[in-house]
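Peer 1: Provided herewith: model_0.pdb, PDB, C-alpha atoms.
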MODEL        1
ATOM      1  CA  MET A   9      22.610  18.630  68.399  1.00  0.00           C
ATOM      2  CA  ILE A  10      19.725  19.478  66.082  1.00  0.00           C
ATOM      3  CA  ARG A  11      20.059  22.437  63.746  1.00  0.00           C
ATOM      4  CA  ASN A  12      17.675  24.379  61.539  1.00  0.00           C
ATOM      5  CA  ILE A  13      14.779  24.794  63.961  1.00  0.00           C
ATOM      6  CA  LEU A  14      12.077  26.767  62.129  1.00  0.00           C
ATOM      7  CA  TYR A  15       9.702  27.177  65.086  1.00  0.00           C
ATOM      8  CA  GLU A  16       9.371  25.918  68.626  1.00  0.00           C
ATOM      9  CA  ASP A  17       7.093  26.361  71.613  1.00  0.00           C
ATOM     10  CA  LYS A  18       6.084  24.146  74.526  1.00  0.00           C
ATOM     11  CA  ASN A  19       3.782  22.052  72.315  1.00  0.00           C
ATOM     12  CA  ILE A  20       5.507  21.588  68.959  1.00  0.00           C
ATOM     13  CA  ILE A  21       8.816  21.904  67.177  1.00  0.00           C
ATOM     14  CA  VAL A  22       9.165  22.474  63.424  1.00  0.00           C
ATOM     15  CA  VAL A  23      12.490  21.542  61.863  1.00  0.00           C
ATOM     16  CA  LYS A  24      14.283  21.053  58.577  1.00  0.00           C
ATOM     17  CA  LYS A  25      15.223  17.396  58.315  1.00  0.00           C
ATOM     18  CA  PRO A  26      18.500  16.931  56.463  1.00  0.00           C
ATOM     19  CA  THR A  27      18.803  14.325  53.747  1.00  0.00           C
ATOM     20  CA  GLY A  28      20.327  11.063  54.872  1.00  0.00           C
ATOM     21  CA  MET A  29      18.827  11.092  58.379  1.00  0.00           C
ATOM     22  CA  ASP A  30      15.963   8.913  59.613  1.00  0.00           C
ATOM     23  CA  SER A  31      12.857  10.859  60.620  1.00  0.00           C
ATOM     24  CA  GLN A  32      12.209   8.525  63.559  1.00  0.00           C
ATOM     25  CA  SER A  33      14.204   6.242  65.830  1.00  0.00           C
ATOM     26  CA  SER A  34      15.903   3.402  63.975  1.00  0.00           C
ATOM     27  CA  SER A  35      17.874   0.283  64.830  1.00  0.00           C
ATOM     28  CA  SER A  36      21.117   1.784  63.547  1.00  0.00           C
ATOM     29  CA  PHE A  37      23.600   3.754  65.605  1.00  0.00           C
ATOM     30  CA  ALA A  38      23.373   6.737  63.250  1.00  0.00           C
ATOM     31  CA  PRO A  39      21.655   9.928  64.469  1.00  0.00           C
ATOM     32  CA  ASP A  40      17.926  10.257  63.825  1.00  0.00           C
ATOM     33  CA  MET A  41      15.548  13.194  64.153  1.00  0.00           C
ATOM     34  CA  VAL A  42      13.713  11.975  67.267  1.00  0.00           C
ATOM     35  CA  SER A  43      16.948  11.373  69.172  1.00  0.00           C
ATOM     36  CA  GLU A  44      18.360  14.737  68.102  1.00  0.00           C
ATOM     37  CA  ILE A  45      15.185  16.578  69.145  1.00  0.00           C
ATOM     38  CA  LYS A  46      15.226  14.814  72.503  1.00  0.00           C
ATOM     39  CA  LYS A  47      18.829  15.933  73.030  1.00  0.00           C
ATOM     40  CA  HIS A  48      17.821  19.477  72.147  1.00  0.00           C
ATOM     41  CA  ILE A  49      14.894  19.523  74.597  1.00  0.00           C
ATOM     42  CA  HIS A  50      16.973  17.902  77.330  1.00  0.00           C
ATOM     43  CA  SER A  51      19.668  20.564  76.909  1.00  0.00           C
ATOM     44  CA  GLN A  52      17.028  23.218  77.620  1.00  0.00           C
ATOM     45  CA  TYR A  53      15.343  21.418  80.500  1.00  0.00           C
ATOM     46  CA  PRO A  54      17.878  18.951  81.953  1.00  0.00           C
ATOM     47  CA  GLN A  55      15.811  18.335  85.102  1.00  0.00           C
ATOM     48  CA  SER A  56      12.578  17.392  83.327  1.00  0.00           C
ATOM     49  CA  GLY A  57      13.437  13.744  82.643  1.00  0.00           C
ATOM     50  CA  GLU A  58      13.001  11.895  79.340  1.00  0.00           C
ATOM     51  CA  PRO A  59      11.511  14.338  76.786  1.00  0.00           C
ATOM     52  CA  TYR A  60       8.419  13.323  74.852  1.00  0.00           C
ATOM     53  CA  VAL A  61       8.683  13.589  71.058  1.00  0.00           C
ATOM     54  CA  GLY A  62       5.669  12.532  69.009  1.00  0.00           C
ATOM     55  CA  VAL A  63       6.198  11.529  65.363  1.00  0.00           C
ATOM     56  CA  ILE A  64       3.337  12.962  63.296  1.00  0.00           C
ATOM     57  CA  HIS A  65       4.459  12.202  59.760  1.00  0.00           C
ATOM     58  CA  ARG A  66       7.527  10.670  58.149  1.00  0.00           C
ATOM     59  CA  LEU A  67      10.018  11.328  55.391  1.00  0.00           C
ATOM     60  CA  ASP A  68      12.144   8.674  53.732  1.00  0.00           C
ATOM     61  CA  LYS A  69      15.774   8.754  54.829  1.00  0.00           C
ATOM     62  CA  PRO A  70      17.085  10.277  51.560  1.00  0.00           C
ATOM     63  CA  VAL A  71      14.391  12.998  51.594  1.00  0.00           C
ATOM     64  CA  GLY A  72      14.934  16.330  53.335  1.00  0.00           C
ATOM     65  CA  GLY A  73      12.560  19.132  54.195  1.00  0.00           C
ATOM     66  CA  VAL A  74      10.010  20.477  56.672  1.00  0.00           C
ATOM     67  CA  MET A  75       8.699  18.317  59.506  1.00  0.00           C
ATOM     68  CA  VAL A  76       6.659  18.994  62.645  1.00  0.00           C
ATOM     69  CA  TYR A  77       7.003  16.981  65.855  1.00  0.00           C
ATOM     70  CA  ALA A  78       4.847  17.136  68.967  1.00  0.00           C
ATOM     71  CA  LYS A  79       6.327  17.801  72.405  1.00  0.00           C
ATOM     72  CA  THR A  80       3.215  16.625  74.298  1.00  0.00           C
ATOM     73  CA  LYS A  81       0.813  13.724  73.846  1.00  0.00           C
ATOM     74  CA  LYS A  82      -2.103  16.143  73.555  1.00  0.00           C
ATOM     75  CA  ALA A  83      -0.393  18.001  70.708  1.00  0.00           C
ATOM     76  CA  ALA A  84       0.473  14.700  69.038  1.00  0.00           C
ATOM     77  CA  ALA A  85      -3.154  13.573  69.090  1.00  0.00           C
ATOM     78  CA  ALA A  86      -4.374  16.880  67.637  1.00  0.00           C
ATOM     79  CA  LEU A  87      -1.783  16.923  64.851  1.00  0.00           C
ATOM     80  CA  SER A  88      -2.361  13.255  64.024  1.00  0.00           C
ATOM     81  CA  ALA A  89      -6.079  14.009  63.699  1.00  0.00           C
ATOM     82  CA  GLN A  90      -5.207  16.690  61.137  1.00  0.00           C
ATOM     83  CA  VAL A  91      -3.234  14.146  59.144  1.00  0.00           C
ATOM     84  CA  GLN A  92      -6.159  11.723  59.185  1.00  0.00           C
ATOM     85  CA  SER A  93      -8.662  14.402  58.157  1.00  0.00           C
ATOM     86  CA  ARG A  94      -6.282  15.762  55.492  1.00  0.00           C
ATOM     87  CA  LYS A  95      -6.168  19.181  57.117  1.00  0.00           C
ATOM     88  CA  MET A  96      -2.380  18.988  57.236  1.00  0.00           C
ATOM     89  CA  LYS A  97      -1.050  19.917  53.789  1.00  0.00           C
ATOM     90  CA  LYS A  98       2.274  18.473  52.679  1.00  0.00           C
ATOM     91  CA  VAL A  99       3.772  19.864  49.481  1.00  0.00           C
ATOM     92  CA  TYR A 100       6.880  18.445  47.831  1.00  0.00           C
ATOM     93  CA  MET A 101       9.160  19.239  44.933  1.00  0.00           C
ATOM     94  CA  ALA A 102      10.760  16.563  42.802  1.00  0.00           C
ATOM     95  CA  VAL A 103      12.788  16.239  39.621  1.00  0.00           C
ATOM     96  CA  VAL A 104      11.338  13.529  37.386  1.00  0.00           C
ATOM     97  CA  CYS A 105      12.846  11.831  34.354  1.00  0.00           C
ATOM     98  CA  GLY A 106      10.790  11.891  31.180  1.00  0.00           C
ATOM     99  CA  ARG A 107       8.547  14.219  29.220  1.00  0.00           C
ATOM    100  CA  ILE A 108       5.297  15.135  31.004  1.00  0.00           C
ATOM    101  CA  VAL A 109       2.260  15.574  28.769  1.00  0.00           C
ATOM    102  CA  ASP A 110      -0.114  17.341  31.178  1.00  0.00           C
ATOM    103  CA  ASN A 111       0.976  20.401  33.148  1.00  0.00           C
ATOM    104  CA  VAL A 112      -1.419  19.512  35.977  1.00  0.00           C
ATOM    105  CA  GLU A 113      -2.522  15.987  36.801  1.00  0.00           C
ATOM    106  CA  ASN A 114      -3.858  13.693  39.530  1.00  0.00           C
ATOM    107  CA  PHE A 115      -2.548  10.186  40.180  1.00  0.00           C
ATOM    108  CA  VAL A 116      -4.908   7.752  41.905  1.00  0.00           C
ATOM    109  CA  ASP A 117      -3.564   4.237  42.416  1.00  0.00           C
ATOM    110  CA  TYR A 118      -3.612   1.372  44.898  1.00  0.00           C
ATOM    111  CA  LEU A 119      -0.330   0.553  46.617  1.00  0.00           C
ATOM    112  CA  LEU A 120       0.748  -2.654  48.287  1.00  0.00           C
ATOM    113  CA  LYS A 121       3.698  -2.536  50.675  1.00  0.00           C
ATOM    114  CA  ASP A 122       6.297  -5.306  50.712  1.00  0.00           C
ATOM    115  CA  SER A 123       7.782  -4.905  54.198  1.00  0.00           C
ATOM    116  CA  ARG A 124      10.361  -7.644  53.727  1.00  0.00           C
ATOM    117  CA  ASN A 125      12.017  -5.833  50.808  1.00  0.00           C
ATOM    118  CA  ASN A 126      11.026  -2.313  51.928  1.00  0.00           C
ATOM    119  CA  VAL A 127       9.312  -1.461  48.649  1.00  0.00           C
ATOM    120  CA  SER A 128       5.782  -0.763  47.459  1.00  0.00           C
ATOM    121  CA  ARG A 129       4.118  -1.431  44.136  1.00  0.00           C
ATOM    122  CA  ILE A 130       0.910  -0.505  42.361  1.00  0.00           C
ATOM    123  CA  VAL A 131      -1.733  -3.233  42.252  1.00  0.00           C
ATOM    124  CA  GLU A 132      -5.356  -3.642  41.197  1.00  0.00           C
ATOM    125  CA  LYS A 133      -8.060  -2.205  43.413  1.00  0.00           C
ATOM    126  CA  GLY A 134      -9.344  -4.797  45.852  1.00  0.00           C
ATOM    127  CA  ILE A 135      -6.068  -6.623  46.407  1.00  0.00           C
ATOM    128  CA  ILE A 136      -5.864  -7.561  50.109  1.00  0.00           C
ATOM    129  CA  GLY A 137      -3.585  -5.164  51.960  1.00  0.00           C
ATOM    130  CA  SER A 138      -3.583  -2.509  49.241  1.00  0.00           C
ATOM    131  CA  LYS A 139      -4.266   1.140  50.082  1.00  0.00           C
ATOM    132  CA  ARG A 140      -5.562   3.997  47.962  1.00  0.00           C
ATOM    133  CA  ALA A 141      -2.865   6.524  47.052  1.00  0.00           C
ATOM    134  CA  GLU A 142      -3.689   9.935  45.633  1.00  0.00           C
ATOM    135  CA  LEU A 143      -1.567  12.949  44.737  1.00  0.00           C
ATOM    136  CA  ARG A 144      -1.774  16.024  42.562  1.00  0.00           C
ATOM    137  CA  TYR A 145       1.150  17.584  40.730  1.00  0.00           C
ATOM    138  CA  GLN A 146       1.920  20.556  38.525  1.00  0.00           C
ATOM    139  CA  ILE A 147       4.961  21.305  36.404  1.00  0.00           C
ATOM    140  CA  ILE A 148       7.141  24.167  37.621  1.00  0.00           C
ATOM    141  CA  ASP A 149       9.791  23.946  34.904  1.00  0.00           C
ATOM    142  CA  SER A 150      11.264  21.532  32.366  1.00  0.00           C
ATOM    143  CA  MET A 151      14.523  21.169  30.470  1.00  0.00           C
ATOM    144  CA  GLU A 152      16.583  18.704  28.470  1.00  0.00           C
ATOM    145  CA  ILE A 153      20.157  18.123  29.711  1.00  0.00           C
ATOM    146  CA  PRO A 154      20.243  16.172  27.392  1.00  0.00           C
ATOM    147  CA  GLU A 155      17.290  13.944  28.356  1.00  0.00           C
ATOM    148  CA  PRO A 156      13.899  15.481  29.273  1.00  0.00           C
ATOM    149  CA  LEU A 157      13.565  16.354  32.955  1.00  0.00           C
ATOM    150  CA  ALA A 158      10.895  18.269  34.850  1.00  0.00           C
ATOM    151  CA  LEU A 159      10.626  20.016  38.195  1.00  0.00           C
ATOM    152  CA  VAL A 160       7.221  19.300  39.688  1.00  0.00           C
ATOM    153  CA  GLU A 161       5.343  20.441  42.773  1.00  0.00           C
ATOM    154  CA  ILE A 162       3.362  17.655  44.430  1.00  0.00           C
ATOM    155  CA  GLU A 163       0.587  17.787  47.010  1.00  0.00           C
ATOM    156  CA  LEU A 164      -0.226  14.536  48.757  1.00  0.00           C
ATOM    157  CA  SER A 165      -3.809  13.631  49.589  1.00  0.00           C
ATOM    158  CA  THR A 166      -2.676  10.391  51.220  1.00  0.00           C
ATOM    159  CA  GLY A 167       0.557   9.389  52.888  1.00  0.00           C
ATOM    160  CA  ARG A 168       1.613   5.920  51.758  1.00  0.00           C
ATOM    161  CA  HIS A 169       4.938   4.122  51.921  1.00  0.00           C
ATOM    162  CA  HIS A 170       7.219   5.525  49.171  1.00  0.00           C
ATOM    163  CA  GLN A 171       4.073   6.958  47.562  1.00  0.00           C
ATOM    164  CA  ILE A 172       5.549   9.716  45.406  1.00  0.00           C
ATOM    165  CA  ARG A 173       8.440   7.567  44.241  1.00  0.00           C
ATOM    166  CA  VAL A 174       6.239   4.573  43.386  1.00  0.00           C
ATOM    167  CA  GLN A 175       3.461   6.459  41.637  1.00  0.00           C
ATOM    168  CA  PHE A 176       5.705   8.569  39.423  1.00  0.00           C
ATOM    169  CA  ALA A 177       7.816   5.534  38.500  1.00  0.00           C
ATOM    170  CA  ALA A 178       4.701   3.523  37.632  1.00  0.00           C
ATOM    171  CA  HIS A 179       3.444   6.363  35.434  1.00  0.00           C
ATOM    172  CA  GLY A 180       6.689   6.422  33.465  1.00  0.00           C
ATOM    173  CA  LEU A 181       8.247   9.386  35.283  1.00  0.00           C
ATOM    174  CA  PRO A 182      10.730   7.975  37.822  1.00  0.00           C
ATOM    175  CA  LEU A 183      12.476  10.411  40.140  1.00  0.00           C
ATOM    176  CA  TRP A 184      16.032  11.496  39.433  1.00  0.00           C
ATOM    177  CA  GLY A 185      18.505   9.674  41.672  1.00  0.00           C
ATOM    178  CA  ASP A 186      16.007   7.087  42.930  1.00  0.00           C
ATOM    179  CA  SER A 187      18.080   3.905  43.272  1.00  0.00           C
ATOM    180  CA  ARG A 188      15.035   1.902  44.364  1.00  0.00           C
ATOM    181  CA  TYR A 189      12.448   2.717  41.684  1.00  0.00           C
ATOM    182  CA  ASN A 190      14.461   4.218  38.812  1.00  0.00           C
ATOM    183  CA  PRO A 191      16.442   1.483  36.975  1.00  0.00           C
ATOM    184  CA  ARG A 192      18.883   4.077  35.690  1.00  0.00           C
ATOM    185  CA  PHE A 193      20.211   4.617  39.207  1.00  0.00           C
ATOM    186  CA  ALA A 194      19.851   1.068  40.534  1.00  0.00           C
ATOM    187  CA  ASP A 195      23.592   0.359  40.546  1.00  0.00           C
ATOM    188  CA  ARG A 196      24.834   3.865  41.220  1.00  0.00           C
ATOM    189  CA  LYS A 197      26.345   4.879  44.501  1.00  0.00           C
ATOM    190  CA  ASN A 198      27.463   8.340  43.467  1.00  0.00           C
ATOM    191  CA  PRO A 199      26.666  10.765  46.322  1.00  0.00           C
ATOM    192  CA  GLY A 200      26.342  13.534  43.752  1.00  0.00           C
ATOM    193  CA  GLU A 201      23.229  11.849  42.337  1.00  0.00           C
ATOM    194  CA  SER A 202      21.009  11.951  45.404  1.00  0.00           C
ATOM    195  CA  LEU A 203      17.248  11.448  45.311  1.00  0.00           C
ATOM    196  CA  ALA A 204      15.658  14.637  43.970  1.00  0.00           C
ATOM    197  CA  LEU A 205      12.673  14.762  46.320  1.00  0.00           C
ATOM    198  CA  TRP A 206      12.133  17.462  48.947  1.00  0.00           C
ATOM    199  CA  ALA A 207       9.337  18.320  51.405  1.00  0.00           C
ATOM    200  CA  TRP A 208       9.350  22.058  50.818  1.00  0.00           C
ATOM    201  CA  LYS A 209       6.067  23.290  52.347  1.00  0.00           C
ATOM    202  CA  LEU A 210       4.000  22.212  55.358  1.00  0.00           C
ATOM    203  CA  THR A 211       0.718  23.777  56.493  1.00  0.00           C
ATOM    204  CA  PHE A 212      -1.226  22.813  59.620  1.00  0.00           C
ATOM    205  CA  PHE A 213      -3.200  24.305  62.505  1.00  0.00           C
ATOM    206  CA  HIS A 214      -1.471  24.794  65.822  1.00  0.00           C
ATOM    207  CA  PRO A 215      -2.713  21.974  68.068  1.00  0.00           C
ATOM    208  CA  CYS A 216      -3.540  24.343  70.958  1.00  0.00           C
ATOM    209  CA  THR A 217      -4.255  27.792  69.488  1.00  0.00           C
ATOM    210  CA  GLY A 218      -5.826  26.629  66.218  1.00  0.00           C
ATOM    211  CA  LYS A 219      -3.751  29.187  64.293  1.00  0.00           C
ATOM    212  CA  ALA A 220      -2.918  28.261  60.698  1.00  0.00           C
ATOM    213  CA  MET A 221       0.830  27.857  60.288  1.00  0.00           C
ATOM    214  CA  THR A 222       2.872  27.456  57.088  1.00  0.00           C
ATOM    215  CA  PHE A 223       6.577  26.722  56.832  1.00  0.00           C
ATOM    216  CA  GLU A 224       8.708  26.583  53.697  1.00  0.00           C
ATOM    217  CA  VAL A 225      12.261  25.449  53.000  1.00  0.00           C
ATOM    218  CA  GLN A 226      13.696  25.667  49.496  1.00  0.00           C
ATOM    219  CA  PRO A 227      14.917  22.357  48.036  1.00  0.00           C
ATOM    220  CA  GLU A 228      18.584  21.467  48.334  1.00  0.00           C
ATOM    221  CA  GLY A 229      20.617  19.341  45.950  1.00  0.00           C
ATOM    222  CA  ARG A 230      22.412  19.542  42.625  1.00  0.00           C
ATOM    223  CA  MET A 231      19.418  18.858  40.394  1.00  0.00           C
ATOM    224  CA  PHE A 232      17.164  21.301  42.233  1.00  0.00           C
ATOM    225  CA  GLU A 233      19.840  23.966  41.908  1.00  0.00           C
ATOM    226  CA  LYS A 234      19.867  23.531  38.119  1.00  0.00           C
ATOM    227  CA  PHE A 235      16.161  24.288  37.932  1.00  0.00           C
ATOM    228  CA  LEU A 236      16.032  27.028  40.544  1.00  0.00           C
ATOM    229  CA  LYS A 237      18.945  28.841  38.915  1.00  0.00           C
ATOM    230  CA  ASN A 238      17.176  28.432  35.589  1.00  0.00           C
ATOM    231  CA  GLU A 239      14.089  30.172  37.044  1.00  0.00           C
ATOM    232  CA  THR A 240      16.135  33.235  38.025  1.00  0.00           C
TER     233      THR A 240
ENDMDL
END
For the structure just supplied, provide its representation as structure tokens.
Peer 2:
Amino acid sequence: MIRNILYEDKNIIVVKKPTGMDSQSSSSFAPDMVSEIKKHIHSQYPQSGEPYVGVIHRLDKPVGGVMVYAKTKKAAAALSAQVQSRKMKKVYMAVVCGRIVDNVENFVDYLLKDSRNNVSRIVEKGIIGSKRAELRYQIIDSMEIPEPLALVEIELSTGRHHQIRVQFAAHGLPLWGDSRYNPRFADRKNPGESLALWAWKLTFFHPCTGKAMTFEVQPEGRMFEKFLKNET
């Protein structure tokens, strides 16, 4: 059964997705967020039939954090429109490897998804199938233990496949624990070195009332703890 429900009404449910769980239904037999939310709704209203759960945005399996799901098709359409118009604000934290020169910066690139290998890469503008990817980041903290690392806050302007991971890696700042885009972790299967990327803040307008809503969940994981303890 789903845990860590941050908010729920008849139209939406806001949850903390744990790391290691798919954000939508998958072909595996492992639990996923949609199935768990359906179980939760069914336990409340067992006579209502198959619950509707609309996926509005996605997080990679190794990424945890705040997500909102729709419980009606009307709510799903309204929230999806906010994503398209960039009214839904998604803010992440990540630990990146390397020394960052600028405290605040924008990345604008063009990404091409390779569905067969489940990766994306940066390509020249105009390449068929490529999509514009834009994000803004600012440094929260940095340290050397012993190599230079930085905790950054990231706000996405677009939502592309593996966007944060690809863009930071391409700009010489791969994410800590990223076995797909950081060569240092390509052969590691140490569960203590998980991907240091977390969806920590989500802001949107309620699909029915129009009320602005913001939800925050502090990052979890060994590398985040090093920085957050360092702040205090």
Peer 1: Can you work out which one of A:Leu181, A:Ala85, A:Val160, A:Leu120 has the shortest atom-to-atom distance to A:Cys216, counting only C-alpha atoms?
Peer 2: A:Ala85
Peer 1: What does the PyMOL selection byres ((chain A and resi 179) around 12) select in this file, as a PDB file with C-alpha atoms, in the coordinates of the input?
Peer 2:
ATOM      1  CA  VAL A 104      11.338  13.529  37.386  1.00  0.00           C
ATOM      2  CA  CYS A 105      12.846  11.831  34.354  1.00  0.00           C
ATOM      3  CA  GLY A 106      10.790  11.891  31.180  1.00  0.00           C
ATOM      4  CA  ARG A 107       8.547  14.219  29.220  1.00  0.00           C
ATOM      5  CA  ILE A 108       5.297  15.135  31.004  1.00  0.00           C
ATOM      6  CA  VAL A 109       2.260  15.574  28.769  1.00  0.00           C
ATOM      7  CA  GLU A 113      -2.522  15.987  36.801  1.00  0.00           C
ATOM      8  CA  ASN A 114      -3.858  13.693  39.530  1.00  0.00           C
ATOM      9  CA  PHE A 115      -2.548  10.186  40.180  1.00  0.00           C
ATOM     10  CA  VAL A 116      -4.908   7.752  41.905  1.00  0.00           C
ATOM     11  CA  ASP A 117      -3.564   4.237  42.416  1.00  0.00           C
ATOM     12  CA  ARG A 129       4.118  -1.431  44.136  1.00  0.00           C
ATOM     13  CA  ILE A 130       0.910  -0.505  42.361  1.00  0.00           C
ATOM     14  CA  ILE A 172       5.549   9.716  45.406  1.00  0.00           C
ATOM     15  CA  ARG A 173       8.440   7.567  44.241  1.00  0.00           C
ATOM     16  CA  VAL A 174       6.239   4.573  43.386  1.00  0.00           C
ATOM     17  CA  GLN A 175       3.461   6.459  41.637  1.00  0.00           C
ATOM     18  CA  PHE A 176       5.705   8.569  39.423  1.00  0.00           C
ATOM     19  CA  ALA A 177       7.816   5.534  38.500  1.00  0.00           C
ATOM     20  CA  ALA A 178       4.701   3.523  37.632  1.00  0.00           C
ATOM     21  CA  GLY A 180       6.689   6.422  33.465  1.00  0.00           C
ATOM     22  CA  LEU A 181       8.247   9.386  35.283  1.00  0.00           C
ATOM     23  CA  PRO A 182      10.730   7.975  37.822  1.00  0.00           C
ATOM     24  CA  LEU A 183      12.476  10.411  40.140  1.00  0.00           C
ATOM     25  CA  TYR A 189      12.448   2.717  41.684  1.00  0.00           C
ATOM     26  CA  ASN A 190      14.461   4.218  38.812  1.00  0.00           C
TER      27      ASN A 190
END
Peer 1: Could you list the residues chosen by the PyMOL selection byres ((chain A and resi 64) around 7) in this structure as a list of chain:residue names?
Peer 2: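 Evaluating the PyMOL selection byres ((chain A and resi 64) around 7) on these coordinates yields A:Gly62, A:Val63, A:His65, A:Val76, A:Tyr77, A:Ala84, A:Leu87, A:Ser88.
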Peer 1: Output the selection as a short mmCIF file (atom, residue, chain, number, x, y, z; two decimals), keeping the file's coordinate frame - C-alpha atoms for each residue.
Peer 2:
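Saved result, part.cif, follows:
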data_model
loop_
_atom_site.label_atom_id
_atom_site.label_comp_id
_atom_site.auth_asym_id
_atom_site.auth_seq_id
_atom_site.Cartn_x
_atom_site.Cartn_y
_atom_site.Cartn_z
CA GLY A 62 5.67 12.53 69.01
CA VAL A 63 6.20 11.53 65.36
CA HIS A 65 4.46 12.20 59.76
CA VAL A 76 6.66 18.99 62.64
CA TYR A 77 7.00 16.98 65.86
CA ALA A 84 0.47 14.70 69.04
CA LEU A 87 -1.78 16.92 64.85
CA SER A 88 -2.36 13.26 64.02
#
Peer 1: Just to confirm, what's the straight-line distance from atom CA of A:Gln90 to atom CA of A:Phe212 in Å (one decimal)?
Peer 2: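 So the two atoms, atom CA of A:Gln90 and atom CA of A:Phe212, lie 7.5 Å apart.
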Peer 1: Could you state which residues are captured by the PyMOL selection byres ((chain A and resi 232) around 10) in this file, as a list in words?
Peer 2: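 With the PyMOL selection byres ((chain A and resi 232) around 10) on this model, the match is Met101, Ala102, Val103, Leu159, Ala204, Leu205, Trp206, Gln226, Pro227, Glu228, Gly229, Arg230, Met231, Glu233, Lys234, Phe235, Leu236, Lys237 and Asn238 of chain A.
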Peer 1: Between atom CA of A:Gly185 and atom CA of A:Val23, what is the spacing in Å?
Peer 2: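 Separating atom CA of A:Val23 from atom CA of A:Gly185 is a distance of 24.2 Å.
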Peer 1: List the neighbours of A:Pro26 out to 10 Å using all atoms listed in the file; skip same-chain residues closer than 2 positions along the sequence, and give me the result as a ChimeraX atom specification.
Peer 2: /A:11-12,23-24,28-31,40-41,69-74,206,228
Peer 1: Store the residues of this selection in a file with C-alpha atoms, as a short mmCIF file (atom, residue, chain, number, x, y, z; two decimals), in the coordinates of the input.
Peer 2:
data_model
loop_
_atom_site.label_atom_id
_atom_site.label_comp_id
_atom_site.auth_asym_id
_atom_site.auth_seq_id
_atom_site.Cartn_x
_atom_site.Cartn_y
_atom_site.Cartn_z
CA ARG A 11 20.06 22.44 63.75
CA ASN A 12 17.68 24.38 61.54
CA VAL A 23 12.49 21.54 61.86
CA LYS A 24 14.28 21.05 58.58
CA GLY A 28 20.33 11.06 54.87
CA MET A 29 18.83 11.09 58.38
CA ASP A 30 15.96 8.91 59.61
CA SER A 31 12.86 10.86 60.62
CA ASP A 40 17.93 10.26 63.82
CA MET A 41 15.55 13.19 64.15
CA LYS A 69 15.77 8.75 54.83
CA PRO A 70 17.08 10.28 51.56
CA VAL A 71 14.39 13.00 51.59
CA GLY A 72 14.93 16.33 53.34
CA GLY A 73 12.56 19.13 54.20
CA VAL A 74 10.01 20.48 56.67
CA TRP A 206 12.13 17.46 48.95
CA GLU A 228 18.58 21.47 48.33
#
Peer 1: Counting all atoms listed in the file, what is within 10 Å of A:Ile135, bar same-chain residues fewer than 2 positions away, as JSON, numbers by chain?
Peer 2: {"A": [118, 119, 120, 131, 132, 133, 137, 138, 139]}
Peer 1: Go through A:Leu67, A:Lys209, A:Arg192, A:Arg144 and flag the residue nearest A:Met221, using all atoms listed in the file for the distances.
Peer 2: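 Of A:Leu67, A:Lys209, A:Arg192, A:Arg144, the one nearest A:Met221, counting all atoms listed in the file, is A:Lys209.
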Peer 1: Hey, which of A:Leu164, A:Val42, A:Ile20, A:Ala158 ends up closest to A:Glu142? Count only C-alpha atoms.
Peer 2: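 Residue with the minimum atom-to-atom distance to A:Glu142: A:Leu164.
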Peer 1: Give me, please, the distance in Å between atom CA of A:Ser43 and atom CA of A:Ser93, quoted to one decimal.
Peer 2: 28.0 Å
Peer 1: Return the single residue from A:Val91, A:Ile21, A:Val225, A:Ala141 that is closest to A:Arg66, with distances computed using all atoms listed in the file.
Peer 2: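 Residue with the minimum atom-to-atom distance to A:Arg66: A:Val91.
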Peer 1: Around all the atoms of stretch 207-217 of chain A listed in the file, with 6 Å of room on each side, what axis-aligned box do you get, giving centre and edge lengths in Å to one decimal, as lines of an AutoDock Vina configuration file?
Peer 2:
center_x = 2.5
center_y = 23.1
center_z = 60.9
size_x = 25.6
size_y = 21.5
size_z = 32.1
Peer 1: Place a sphere of radius 12 Å on (9.3, 26.4, 73.0) in the file coordinates and name every protein, DNA or RNA residue with an atom inside or on its surface, counting only C-alpha atoms; give the answer as a PDB file with C-alpha atoms, in the coordinates of the input.
Peer 2:
ATOM      1  CA  ILE A  13      14.779  24.794  63.961  1.00  0.00           C
ATOM      2  CA  LEU A  14      12.077  26.767  62.129  1.00  0.00           C
ATOM      3  CA  TYR A  15       9.702  27.177  65.086  1.00  0.00           C
ATOM      4  CA  GLU A  16       9.371  25.918  68.626  1.00  0.00           C
ATOM      5  CA  ASP A  17       7.093  26.361  71.613  1.00  0.00           C
ATOM      6  CA  LYS A  18       6.084  24.146  74.526  1.00  0.00           C
ATOM      7  CA  ASN A  19       3.782  22.052  72.315  1.00  0.00           C
ATOM      8  CA  ILE A  20       5.507  21.588  68.959  1.00  0.00           C
ATOM      9  CA  ILE A  21       8.816  21.904  67.177  1.00  0.00           C
ATOM     10  CA  VAL A  22       9.165  22.474  63.424  1.00  0.00           C
ATOM     11  CA  HIS A  48      17.821  19.477  72.147  1.00  0.00           C
ATOM     12  CA  ILE A  49      14.894  19.523  74.597  1.00  0.00           C
ATOM     13  CA  GLN A  52      17.028  23.218  77.620  1.00  0.00           C
ATOM     14  CA  TYR A  53      15.343  21.418  80.500  1.00  0.00           C
ATOM     15  CA  ALA A  78       4.847  17.136  68.967  1.00  0.00           C
ATOM     16  CA  LYS A  79       6.327  17.801  72.405  1.00  0.00           C
ATOM     17  CA  THR A  80       3.215  16.625  74.298  1.00  0.00           C
TER      18      THR A  80
END
